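Have a look at my_file.cif; it's mmCIF, C-alpha atoms and all ligand atoms:
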data_work
loop_
_atom_site.label_atom_id
_atom_site.label_comp_id
_atom_site.auth_asym_id
_atom_site.auth_seq_id
_atom_site.Cartn_x
_atom_site.Cartn_y
_atom_site.Cartn_z
CA MET A 1221 143.48 -59.34 243.74
CA LYS A 1222 143.95 -55.74 242.74
CA THR A 1223 143.50 -53.35 245.66
CA ARG A 1224 141.94 -49.95 245.26
CA LEU A 1225 142.03 -47.28 247.94
CA PHE A 1226 138.86 -45.30 248.46
CA THR A 1227 139.98 -44.25 251.91
CA PRO A 1228 139.96 -40.69 253.22
CA GLY A 1229 143.75 -40.87 253.31
CA PRO A 1230 146.08 -42.32 252.33
CA VAL A 1231 144.86 -42.16 248.75
CA GLU A 1232 145.86 -43.76 245.45
CA ILE A 1233 149.19 -42.40 244.24
CA PRO A 1234 149.62 -41.71 240.52
CA ILE A 1235 152.43 -43.63 238.79
CA ARG A 1236 154.25 -40.38 238.02
CA ILE A 1237 154.43 -39.52 241.68
CA LEU A 1238 155.62 -43.03 242.54
CA ARG A 1239 158.33 -42.58 239.95
CA ALA A 1240 159.39 -39.27 241.50
CA LEU A 1241 159.54 -41.01 244.88
CA SER A 1242 161.72 -43.81 243.54
CA GLN A 1243 164.63 -41.56 242.57
CA PRO A 1244 167.78 -41.87 244.66
CA PRO A 1245 167.28 -39.33 247.47
CA PRO A 1246 169.22 -36.16 246.68
CA HIS A 1247 171.30 -34.41 249.33
CA HIS A 1248 169.39 -31.47 250.73
CA ARG A 1249 172.31 -29.03 251.01
CA THR A 1250 172.86 -28.82 247.28
CA ASP A 1251 171.91 -26.09 244.85
CA ALA A 1252 169.76 -28.47 242.83
CA PHE A 1253 167.67 -29.43 245.85
CA ARG A 1254 167.50 -25.82 247.09
CA ASP A 1255 165.97 -24.92 243.73
CA VAL A 1256 163.38 -27.68 244.09
CA LEU A 1257 162.46 -26.50 247.57
CA ARG A 1258 162.06 -22.91 246.36
CA ARG A 1259 159.86 -23.98 243.44
CA VAL A 1260 157.72 -26.19 245.65
CA THR A 1261 157.29 -23.35 248.15
CA THR A 1262 156.23 -20.96 245.39
CA ASP A 1263 153.73 -23.52 244.10
CA LEU A 1264 152.36 -24.14 247.58
CA LYS A 1265 151.71 -20.41 247.92
CA ALA A 1266 149.74 -20.53 244.66
CA LEU A 1267 147.81 -23.54 245.95
CA HIS A 1268 146.86 -21.71 249.17
CA LYS A 1269 146.26 -18.46 247.28
CA THR A 1270 148.50 -16.61 249.67
CA GLU A 1271 151.29 -14.09 249.31
CA GLY A 1272 152.48 -15.11 252.75
CA GLU A 1273 154.74 -17.99 253.74
CA VAL A 1274 154.37 -21.75 253.51
CA PHE A 1275 156.64 -23.94 255.63
CA LEU A 1276 157.30 -27.62 254.95
CA LEU A 1277 157.56 -30.02 257.88
CA GLY A 1278 158.67 -33.62 258.03
CA ALA A 1279 155.49 -34.81 259.74
CA THR A 1280 151.90 -35.79 259.06
CA GLY A 1281 149.02 -33.34 259.30
CA THR A 1282 148.84 -33.73 263.06
CA GLY A 1283 152.42 -32.44 263.28
CA ALA A 1284 151.35 -29.31 261.41
CA MET A 1285 148.43 -28.94 263.82
CA GLU A 1286 150.81 -29.19 266.78
CA ALA A 1287 153.17 -26.72 265.10
CA ALA A 1288 150.29 -24.24 264.79
CA VAL A 1289 149.41 -24.58 268.46
CA VAL A 1290 152.94 -24.15 269.83
CA ASN A 1291 153.86 -21.31 267.46
CA LEU A 1292 150.65 -19.30 267.82
CA MET A 1293 149.81 -19.62 271.50
CA ALA A 1294 151.55 -17.39 274.02
CA PRO A 1295 151.65 -18.82 277.55
CA GLY A 1296 148.29 -18.11 279.20
CA ALA A 1297 146.57 -17.00 276.00
CA LYS A 1298 143.13 -18.46 275.42
CA ALA A 1299 141.78 -20.37 272.43
CA LEU A 1300 138.45 -21.52 271.02
CA ALA A 1301 138.30 -24.95 269.39
CA VAL A 1302 135.46 -25.93 267.07
CA ASN A 1303 134.75 -29.62 267.60
CA GLY A 1304 132.42 -31.42 265.20
CA GLY A 1305 134.28 -34.72 264.81
CA LYS A 1306 137.54 -36.59 265.36
CA PHE A 1307 139.67 -33.85 263.82
CA GLY A 1308 138.00 -31.01 265.67
CA GLU A 1309 138.55 -33.09 268.77
CA ARG A 1310 142.25 -33.33 267.87
CA TRP A 1311 142.53 -29.54 268.30
CA VAL A 1312 140.98 -29.93 271.73
CA ARG A 1313 143.43 -32.71 272.70
CA LEU A 1314 146.38 -30.63 271.54
CA LEU A 1315 145.23 -27.62 273.55
CA GLU A 1316 144.72 -29.84 276.61
CA THR A 1317 148.14 -31.44 276.17
CA TYR A 1318 149.88 -28.06 276.14
CA GLY A 1319 147.78 -26.70 278.99
CA VAL A 1320 146.30 -23.96 276.81
CA PRO A 1321 143.26 -22.33 278.43
CA HIS A 1322 140.48 -22.95 275.97
CA GLU A 1323 136.80 -23.21 275.28
CA VAL A 1324 135.19 -25.78 273.03
CA LEU A 1325 132.34 -25.12 270.65
CA ASP A 1326 130.73 -28.52 270.26
CA VAL A 1327 128.97 -29.23 266.98
CA GLU A 1328 126.72 -32.20 266.41
CA TRP A 1329 128.65 -34.76 264.36
CA GLY A 1330 127.67 -34.63 260.71
CA HIS A 1331 126.73 -30.97 260.87
CA ALA A 1332 128.64 -27.88 259.86
CA VAL A 1333 129.31 -25.33 262.57
CA ASP A 1334 126.94 -22.37 262.55
CA PRO A 1335 129.25 -19.38 261.99
CA ALA A 1336 126.91 -17.27 264.14
CA ALA A 1337 127.71 -19.56 267.08
CA ILE A 1338 131.40 -18.73 266.69
CA GLU A 1339 130.57 -15.05 266.49
CA GLU A 1340 128.56 -15.27 269.68
CA ARG A 1341 131.32 -17.06 271.61
CA LEU A 1342 133.94 -14.54 270.48
CA ALA A 1343 131.72 -11.58 271.31
CA LYS A 1344 131.18 -12.99 274.81
CA ASP A 1345 134.87 -13.46 275.57
CA GLU A 1346 137.44 -10.97 274.32
CA ALA A 1347 140.22 -13.20 275.63
CA LEU A 1348 139.63 -15.87 272.97
CA ALA A 1349 142.65 -14.91 270.89
CA VAL A 1350 142.86 -17.82 268.46
CA VAL A 1351 140.15 -19.98 266.87
CA PHE A 1352 141.07 -23.52 265.79
CA ALA A 1353 138.70 -25.06 263.24
CA THR A 1354 138.45 -27.78 260.60
CA HIS A 1355 137.48 -27.07 257.00
CA SER A 1356 136.50 -30.57 255.84
CA GLU A 1357 135.77 -32.83 258.85
CA THR A 1358 136.97 -36.16 257.49
CA SER A 1359 135.42 -38.23 260.28
CA THR A 1360 131.85 -37.18 259.43
CA GLY A 1361 132.18 -36.00 255.82
CA ALA A 1362 130.87 -32.54 256.74
CA LEU A 1363 132.19 -29.30 255.29
CA ASN A 1364 132.38 -26.07 257.29
CA ASP A 1365 131.83 -22.67 255.71
CA LEU A 1366 135.39 -21.44 256.03
CA GLN A 1367 134.79 -18.17 254.24
CA ALA A 1368 132.01 -17.22 256.68
CA ILE A 1369 134.10 -18.28 259.69
CA ALA A 1370 137.08 -16.25 258.49
CA ALA A 1371 134.92 -13.18 257.92
CA ILE A 1372 133.94 -13.35 261.60
CA THR A 1373 137.42 -13.88 263.02
CA ARG A 1374 138.78 -11.04 260.87
CA ALA A 1375 135.99 -8.69 261.91
CA GLN A 1376 136.56 -9.54 265.58
CA GLY A 1377 140.33 -9.28 265.34
CA ARG A 1378 141.07 -12.89 266.31
CA ARG A 1379 143.43 -15.35 264.68
CA LEU A 1380 141.98 -18.26 262.71
CA VAL A 1381 143.87 -21.54 262.30
CA VAL A 1382 142.29 -24.02 259.89
CA ASP A 1383 142.92 -27.70 259.36
CA ALA A 1384 142.60 -27.98 255.58
CA VAL A 1385 144.07 -31.47 255.34
CA THR A 1386 141.16 -32.81 253.28
CA SER A 1387 140.11 -29.57 251.61
CA LEU A 1388 143.29 -28.19 250.06
CA ALA A 1389 143.29 -29.01 246.33
CA VAL A 1390 139.73 -30.33 246.73
CA HIS A 1391 137.58 -27.34 247.69
CA PRO A 1392 138.11 -23.70 246.83
CA LEU A 1393 140.24 -22.15 249.59
CA GLU A 1394 141.49 -18.60 249.26
CA GLN A 1395 143.65 -17.94 252.26
CA ASP A 1396 144.36 -14.24 251.71
CA ALA A 1397 141.08 -13.19 250.11
CA TRP A 1398 139.00 -14.95 252.76
CA GLY A 1399 141.20 -13.83 255.65
CA VAL A 1400 142.48 -17.13 257.04
CA ASP A 1401 145.54 -16.50 259.21
CA VAL A 1402 146.99 -20.00 259.28
CA VAL A 1403 146.29 -23.11 257.17
CA VAL A 1404 147.68 -26.55 257.99
CA CYS A 1405 147.79 -29.47 255.58
CA GLY A 1406 149.24 -32.95 255.12
CA SER A 1407 150.45 -34.83 252.06
CA GLN A 1408 148.40 -38.04 251.88
CA LYS A 1409 145.03 -36.55 250.91
CA GLY A 1410 144.36 -34.14 248.06
CA LEU A 1411 148.08 -33.80 247.35
CA MET A 1412 148.25 -37.48 246.26
CA LEU A 1413 151.46 -38.30 248.18
CA PRO A 1414 152.19 -40.88 250.85
CA PRO A 1415 152.02 -39.56 254.41
CA GLY A 1416 155.16 -37.70 255.47
CA ILE A 1417 155.00 -34.01 254.56
CA ALA A 1418 152.93 -31.43 256.36
CA THR A 1419 152.62 -27.71 255.69
CA VAL A 1420 151.85 -24.62 257.71
CA SER A 1421 150.93 -21.52 255.79
CA LEU A 1422 150.85 -18.01 257.26
CA ALA A 1423 148.95 -15.17 255.59
CA PRO A 1424 151.04 -12.03 255.01
CA TRP A 1425 149.36 -10.12 257.84
CA ALA A 1426 149.93 -13.08 260.21
CA ALA A 1427 153.72 -13.08 259.84
CA ASP A 1428 154.21 -11.84 263.42
CA ALA A 1429 151.84 -14.48 264.82
CA ILE A 1430 154.76 -16.84 265.46
CA GLU A 1431 157.14 -14.24 266.96
CA GLY A 1432 157.57 -13.59 270.66
CA GLU A 1433 157.14 -15.79 273.67
CA ARG A 1434 155.18 -18.89 272.82
CA LEU A 1435 154.71 -22.42 274.09
CA PRO A 1436 157.84 -24.62 274.19
CA ARG A 1437 158.91 -25.36 270.62
CA PHE A 1438 161.97 -26.87 269.06
CA TYR A 1439 161.49 -29.21 266.09
CA PHE A 1440 158.37 -27.30 265.08
CA ASP A 1441 159.76 -23.81 265.79
CA LEU A 1442 158.63 -22.00 262.65
CA ARG A 1443 161.03 -19.13 263.31
CA ARG A 1444 163.81 -21.52 262.35
CA ALA A 1445 161.92 -22.52 259.20
CA ARG A 1446 161.46 -18.85 258.35
CA LYS A 1447 165.18 -18.22 258.70
CA ALA A 1448 166.20 -21.19 256.55
CA LEU A 1449 163.68 -20.84 253.72
CA PRO A 1450 165.21 -17.88 251.83
CA ASN A 1451 168.29 -20.11 251.34
CA GLY A 1452 166.09 -22.90 249.97
CA GLU A 1453 166.61 -24.86 253.16
CA THR A 1454 164.75 -26.26 256.13
CA PRO A 1455 166.18 -26.27 259.67
CA TRP A 1456 166.32 -30.08 259.76
CA THR A 1457 166.74 -32.70 257.06
CA PRO A 1458 163.57 -32.43 254.99
CA PRO A 1459 161.75 -35.53 253.67
CA VAL A 1460 163.67 -35.14 250.40
CA SER A 1461 161.93 -37.87 248.41
CA HIS A 1462 158.55 -36.47 249.36
CA VAL A 1463 159.64 -33.00 248.28
CA LEU A 1464 160.49 -34.33 244.80
CA ALA A 1465 157.13 -36.06 244.68
CA LEU A 1466 155.35 -32.93 245.85
CA GLU A 1467 156.91 -30.98 243.00
CA GLU A 1468 155.42 -33.51 240.58
CA ALA A 1469 152.01 -33.37 242.28
CA LEU A 1470 151.94 -29.57 242.23
CA THR A 1471 152.89 -29.58 238.54
CA MET A 1472 149.97 -31.90 237.84
CA ILE A 1473 147.53 -29.81 239.89
CA LEU A 1474 148.60 -26.28 239.04
CA ARG A 1475 150.12 -26.45 235.56
CA GLU A 1476 148.52 -29.43 233.85
CA GLU A 1477 144.94 -29.96 235.01
CA GLY A 1478 144.69 -26.54 236.66
CA LEU A 1479 143.52 -25.87 240.21
CA GLY A 1480 140.02 -24.75 239.20
CA ARG A 1481 139.48 -27.89 237.15
CA VAL A 1482 140.86 -30.10 239.93
CA GLN A 1483 138.35 -28.60 242.36
CA ASP A 1484 135.60 -28.90 239.79
CA ARG A 1485 136.40 -32.60 239.25
CA HIS A 1486 136.18 -33.21 243.00
CA ARG A 1487 132.78 -31.55 243.13
CA ARG A 1488 131.54 -33.73 240.27
CA LEU A 1489 133.01 -36.84 241.87
CA ALA A 1490 131.23 -36.05 245.13
CA PHE A 1491 127.89 -35.51 243.38
CA ALA A 1492 128.36 -38.72 241.37
CA MET A 1493 129.21 -40.73 244.48
CA ARG A 1494 126.19 -39.39 246.39
CA ALA A 1495 123.82 -40.08 243.49
CA GLY A 1496 125.18 -43.56 242.86
CA GLY A 1497 125.15 -44.48 246.55
CA GLU A 1498 121.66 -43.17 247.11
CA ALA A 1499 120.40 -45.17 244.12
CA LEU A 1500 121.70 -48.25 245.94
CA GLY A 1501 119.83 -47.35 249.12
CA LEU A 1502 122.75 -45.78 251.00
CA ARG A 1503 121.83 -42.64 252.89
CA LEU A 1504 124.08 -39.58 252.91
CA PHE A 1505 125.17 -38.91 256.50
CA PRO A 1506 126.34 -35.28 256.73
CA ALA A 1507 124.03 -32.33 256.31
CA ASN A 1508 126.60 -30.26 254.40
CA PRO A 1509 128.79 -32.82 252.65
CA SER A 1510 132.44 -32.32 251.75
CA HIS A 1511 133.73 -33.08 248.26
CA ALA A 1512 136.69 -34.99 249.72
CA VAL A 1513 134.91 -37.85 251.41
CA THR A 1514 131.38 -39.18 251.19
CA ALA A 1515 129.95 -40.62 254.40
CA PHE A 1516 126.94 -42.90 254.08
CA LEU A 1517 124.66 -44.71 256.47
CA PRO A 1518 124.11 -48.23 255.09
CA PRO A 1519 120.68 -49.30 253.86
CA GLU A 1520 118.27 -50.36 256.62
CA GLY A 1521 119.15 -53.85 257.84
CA VAL A 1522 122.78 -53.80 256.61
CA GLU A 1523 125.72 -53.50 258.99
CA ALA A 1524 128.18 -50.82 257.87
CA THR A 1525 131.05 -52.96 259.16
CA ALA A 1526 129.94 -55.98 257.12
CA LEU A 1527 129.75 -53.87 253.97
CA VAL A 1528 133.22 -52.38 254.55
CA LYS A 1529 134.64 -55.85 255.17
CA ARG A 1530 133.00 -57.47 252.15
CA LEU A 1531 134.11 -54.64 249.85
CA ARG A 1532 137.67 -55.25 251.01
CA ASP A 1533 137.70 -59.05 251.08
CA ARG A 1534 135.72 -59.75 247.92
CA HIS A 1535 136.51 -56.76 245.73
CA GLY A 1536 139.79 -55.28 247.01
CA MET A 1537 138.02 -51.96 247.48
CA ILE A 1538 139.18 -50.30 250.66
CA VAL A 1539 136.73 -47.84 252.19
CA ALA A 1540 136.75 -46.62 255.78
CA GLY A 1541 134.24 -47.22 258.55
CA GLY A 1542 133.21 -44.73 261.21
CA GLN A 1543 135.20 -43.69 264.27
CA ASP A 1544 134.11 -43.38 267.91
CA GLN A 1545 130.39 -42.63 268.13
CA LEU A 1546 130.06 -43.44 264.41
CA LYS A 1547 131.92 -46.75 264.67
CA GLY A 1548 129.86 -49.43 262.93
CA ARG A 1549 127.31 -46.86 261.82
CA ILE A 1550 128.73 -45.31 258.65
CA LEU A 1551 131.10 -45.98 255.79
CA ARG A 1552 133.37 -43.27 254.47
CA ILE A 1553 134.47 -43.18 250.86
CA GLY A 1554 137.46 -41.03 249.97
CA HIS A 1555 137.75 -39.60 246.47
CA MET A 1556 140.58 -37.12 246.88
CA GLY A 1557 143.29 -36.81 244.28
CA ALA A 1558 143.58 -38.83 241.10
CA TYR A 1559 140.05 -40.27 240.83
CA ASP A 1560 137.58 -40.20 237.99
CA LEU A 1561 134.07 -41.38 237.16
CA ALA A 1562 135.33 -44.82 236.07
CA ASP A 1563 136.79 -45.36 239.55
CA LEU A 1564 133.44 -44.56 241.14
CA HIS A 1565 131.60 -46.81 238.69
CA ALA A 1566 133.85 -49.67 239.75
CA LEU A 1567 133.14 -48.96 243.41
CA ILE A 1568 129.39 -48.57 242.87
CA GLY A 1569 129.34 -51.90 241.02
CA ALA A 1570 131.15 -53.55 243.91
CA ILE A 1571 128.82 -52.02 246.51
CA ASP A 1572 125.88 -53.31 244.50
CA LYS A 1573 127.31 -56.83 244.50
CA CYS A 1574 127.91 -56.64 248.27
CA LEU A 1575 124.36 -55.46 248.90
CA ALA A 1576 122.98 -58.24 246.71
CA PHE A 1577 124.55 -60.62 249.22
CA LEU A 1578 124.00 -58.67 252.45
CA ALA A 1579 120.48 -57.43 251.70
CA PRO A 1580 119.10 -59.59 248.87
CA ASP A 1581 115.58 -58.28 249.32
CA SER A 1582 116.41 -54.59 249.29
CA PRO A 1583 115.08 -52.70 246.28
CA ARG A 1584 117.94 -51.38 244.17
CA SER A 1585 119.21 -51.49 240.65
CA SER A 1586 122.88 -51.40 239.78
CA GLY A 1587 122.19 -50.07 236.29
CA ASP A 1588 120.24 -47.21 237.78
CA ALA A 1589 123.04 -46.46 240.21
CA MET A 1590 125.65 -46.29 237.45
CA GLY A 1591 123.36 -44.09 235.41
CA ALA A 1592 122.59 -41.85 238.37
CA ALA A 1593 126.32 -41.39 239.02
CA SER A 1594 126.95 -40.59 235.35
CA ARG A 1595 124.16 -38.06 235.20
CA ALA A 1596 125.32 -36.37 238.39
CA TRP A 1597 128.87 -36.26 237.03
CA ASP A 1598 127.61 -34.61 233.83
CA THR A 1599 125.31 -32.08 235.44
CA ALA A 1600 126.92 -31.24 238.80
C1 LIG B 1 144.08 -36.96 257.77
C2 LIG B 1 143.72 -35.73 258.50
C3 LIG B 1 144.61 -35.11 259.40
C4 LIG B 1 146.01 -35.60 259.64
O1 LIG B 1 146.06 -36.84 260.22
P1 LIG B 1 147.47 -37.60 260.28
O2 LIG B 1 147.11 -38.94 260.82
O3 LIG B 1 148.36 -36.83 261.14
O4 LIG B 1 147.94 -37.66 258.87
C5 LIG B 1 144.22 -33.94 260.00
N1 LIG B 1 143.01 -33.41 259.77
C6 LIG B 1 142.12 -33.98 258.93
C7 LIG B 1 140.81 -33.30 258.71
C8 LIG B 1 142.44 -35.16 258.27
O5 LIG B 1 141.58 -35.71 257.42
#
Same coordinates, now as structure tokens:
Amino acid sequence: MKTRLFTPGPVEIPIRILRALSQPPPHHRTDAFRDVLRRVTTDLKALHKTEGEVFLLGATGTGAMEAAVVNLMAPGAKALAVNGGKFGERWVRLLETYGVPHEVLDVEWGHAVDPAAIEERLAKDEALAVVFATHSETSTGALNDLQAIAAITRAQGRRLVVDAVTSLAVHPLEQDAWGVDVVVCGSQKGLMLPPGIATVSLAPWAADAIEGERLPRFYFDLRRARKALPNGETPWTPPVSHVLALEEALTMILREEGLGRVQDRHRRLAFAMRAGGEALGLRLFPANPSHAVTAFLPPEGVEATALVKRLRDRHGMIVAGGQDQLKGRILRIGHMGAYDLADLHALIGAIDKCLAFLAPDSPRSSGDAMGAASRAWDTA
């Protein structure tokens, strides 16, 4: 049976990127590879819309998150973590692990953080030097208003570190224009690669954020990355095959389809998925949904877990369930990267077949769902 990934990472990988990955790994201390690394870095800056620096790490997104914590936090300095799901919680765990004094702004799962709540916390405590937040909260499918959050941290003179793992190349994100100090990302979401590369991007005005006494850092010491990059190098052996693949992905995104059109396609995909799912009786879970992942509550009387399992076993369609407090309650459908309306039609058809078995009496019409998705795709 053919397997299709509709997971919120890893995602389907285009053939061209697989081909780039299958080349014999080049040696990294060669002029040819140094040129690739320089080109990829330049493209990553264009992707982040920053004139600052972007560093490549051999890690997944969590490694980039850890790199941000150890490079930004001076011993004893205090942080604010915004926690509205599993990935917000990951900031909290990292801060705990490194003994960073911190406060947590808890957000109800499925909701975006109210920027005014961040403003209030910062105004109350001048010591909160760095804010750690998530742009697209993959565990709930909710999107935070990054531009509004950045406006507040800039106005209050605090640093903002954003996990953009499922928003980069999916949602508009203008690091410099919006005033985001640090952006972290990973490769297996909107960048269409396997897991293995992570990035940390520093806005031009945040260059000094990693200098001085900080938490213990070695592998993730970005000062070493900064020193090596002008030579087209990284301090350690980079994931060379992934770098070649990333060059291909960035060519597809920036020079072929175009970043604006890529983001536009994700918006239309998200609207199509919501419309098609709702026509089948699924209920959108988050209040302010992301374009990267669509989280649904199943129709009344259907177990989310049974639907996820049947989609996988009968149709080869892999979607994700919920985590922690949402375990067994929701299904999460990823549509980041190389997806189109035909992919969603296939998934909607499969969901319809599953529901015909799991909830034979529920009112729904597969033809209507396909049509609803098409109309949303056309008009979104
Ligand atoms: C996938 C993801 C990460 C990174 O997780 P890894 O398991 O380290 O790849 C971080 N943040 C968000 C929002 C994600 O979706």
Would you work out the distance separating CA of Glu1346 in chain A from CA of Met1285 in chain A, expressed in Å to one decimal?
23.5 Å
Residue with the minimum atom-to-atom distance to ligand LIG 1 (chain B), picked from A:Lys1306, A:Arg1254, A:Arg1239, A:Arg1249 with all atoms listed in the file counted, is A:Lys1306
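Checking A:Val1327, A:Ala1512, A:Leu1348, A:Val1290 one by one against ligand LIG 1 (chain B), counting all atoms listed in the file, you find the shortest gap at A:Ala1512.
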Return as a PyMOL selection string every polymer residue, whether protein, DNA or RNA, with at least one atom no more than 9 Å from an atom of ligand LIG 1 (chain B); count all atoms listed in the file.
chain A and resi 1228-1230+1279-1285+1306-1308+1310+1354-1359+1383-1387+1404-1409+1415-1416+1418
One decimal, Å: what's the distance from CA of Pro1234 in chain A over to CA of Met1472 in chain A, could you say?
10.2 Å
Give me, as a PyMOL selection string, all polymer residues having an atom no more than 10 Å from Gly1554 in chain A, counting only C-alpha atoms and skipping those fewer than 5 positions away in the same chain.
chain A and resi 1225-1232+1358+1361+1386+1409-1410+1490+1493+1511-1515+1538-1540+1559
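With distances restricted to all atoms listed in the file, A:Arg1595 is the closest residue to Ala1495 in chain A from A:Arg1595, A:Lys1298, A:Lys1265, A:Lys1447.
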Pairwise distance for CA of Ala1389 in chain A and CA of Gly1330 in chain A, rounded to one decimal in Å:
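So the two atoms, CA of Ala1389 in chain A and CA of Gly1330 in chain A, lie 22.0 Å apart.
For Pro1321 in chain A, the non-local neighbours within 10 Å, defined as residues at least 4 positions apart in the same chain or in other chains and counting only C-alpha atoms, are Met1293, Pro1295, Gly1296, Ala1297, Lys1298, Ala1299, Leu1300, Leu1315, Glu1316 and Leu1348 of chain A.
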Close residues, Ser1594 in chain A itself excluded, 10 Å, all atoms listed in the file, min 2 positions apart in chain, as a list in words
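The residues satisfying every condition are Arg1488, Leu1489, Phe1491, Ala1492, Met1493, Ala1495, Gly1496, Leu1561, Ala1562, Leu1564, His1565, Asp1588, Ala1589, Met1590, Gly1591, Ala1592, Ala1596, Trp1597, Asp1598, Thr1599 and Ala1600 of chain A.
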Let's have the selection written as a compact mmCIF listing (two decimals), keeping the file's coordinate frame, with C-alpha atoms.
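Output saved as out.txt:
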# COMPACT_ATOMS: atom_id res chain seq x y z
CA ARG A 1488 131.54 -33.73 240.27
CA LEU A 1489 133.01 -36.84 241.87
CA PHE A 1491 127.89 -35.51 243.38
CA ALA A 1492 128.36 -38.72 241.37
CA MET A 1493 129.21 -40.73 244.48
CA ALA A 1495 123.82 -40.08 243.49
CA GLY A 1496 125.18 -43.56 242.86
CA LEU A 1561 134.07 -41.38 237.16
CA ALA A 1562 135.33 -44.82 236.07
CA LEU A 1564 133.44 -44.56 241.14
CA HIS A 1565 131.60 -46.81 238.69
CA ASP A 1588 120.24 -47.21 237.78
CA ALA A 1589 123.04 -46.46 240.21
CA MET A 1590 125.65 -46.29 237.45
CA GLY A 1591 123.36 -44.09 235.41
CA ALA A 1592 122.59 -41.85 238.37
CA ALA A 1596 125.32 -36.37 238.39
CA TRP A 1597 128.87 -36.26 237.03
CA ASP A 1598 127.61 -34.61 233.83
CA THR A 1599 125.31 -32.08 235.44
CA ALA A 1600 126.92 -31.24 238.80
Please, what is the axis-aligned box for every listed atom of range 1486-1489 of chain A with 4 Å on each side, as centre and edge lengths in Å to one decimal, as JSON?
{"center_x": 133.9, "center_y": -34.2, "center_z": 241.7, "size_x": 12.6, "size_y": 13.3, "size_z": 10.9}
Write out as number ranges by chain which residues come within 9 Å of range 1423-1430 of chain A when counting only C-alpha atoms, dropping same-chain ones fewer than 3 positions away.
A: 1270-1274, 1288, 1290-1293, 1379, 1395-1396, 1399-1403, 1433-1434, 1441-1443
Please produce an output containing C-alpha atoms for each residue in the selection, written as a PDB file, in the coordinates of the input.
ATOM      1  CA  THR A1270     148.500 -16.610 249.670  1.00  0.00           C
ATOM      2  CA  GLU A1271     151.290 -14.090 249.310  1.00  0.00           C
ATOM      3  CA  GLY A1272     152.480 -15.110 252.750  1.00  0.00           C
ATOM      4  CA  GLU A1273     154.740 -17.990 253.740  1.00  0.00           C
ATOM      5  CA  VAL A1274     154.370 -21.750 253.510  1.00  0.00           C
ATOM      6  CA  ALA A1288     150.290 -24.240 264.790  1.00  0.00           C
ATOM      7  CA  VAL A1290     152.940 -24.150 269.830  1.00  0.00           C
ATOM      8  CA  ASN A1291     153.860 -21.310 267.460  1.00  0.00           C
ATOM      9  CA  LEU A1292     150.650 -19.300 267.820  1.00  0.00           C
ATOM     10  CA  MET A1293     149.810 -19.620 271.500  1.00  0.00           C
ATOM     11  CA  ARG A1379     143.430 -15.350 264.680  1.00  0.00           C
ATOM     12  CA  GLN A1395     143.650 -17.940 252.260  1.00  0.00           C
ATOM     13  CA  ASP A1396     144.360 -14.240 251.710  1.00  0.00           C
ATOM     14  CA  GLY A1399     141.200 -13.830 255.650  1.00  0.00           C
ATOM     15  CA  VAL A1400     142.480 -17.130 257.040  1.00  0.00           C
ATOM     16  CA  ASP A1401     145.540 -16.500 259.210  1.00  0.00           C
ATOM     17  CA  VAL A1402     146.990 -20.000 259.280  1.00  0.00           C
ATOM     18  CA  VAL A1403     146.290 -23.110 257.170  1.00  0.00           C
ATOM     19  CA  GLU A1433     157.140 -15.790 273.670  1.00  0.00           C
ATOM     20  CA  ARG A1434     155.180 -18.890 272.820  1.00  0.00           C
ATOM     21  CA  ASP A1441     159.760 -23.810 265.790  1.00  0.00           C
ATOM     22  CA  LEU A1442     158.630 -22.000 262.650  1.00  0.00           C
ATOM     23  CA  ARG A1443     161.030 -19.130 263.310  1.00  0.00           C
TER      24      ARG A1443
END
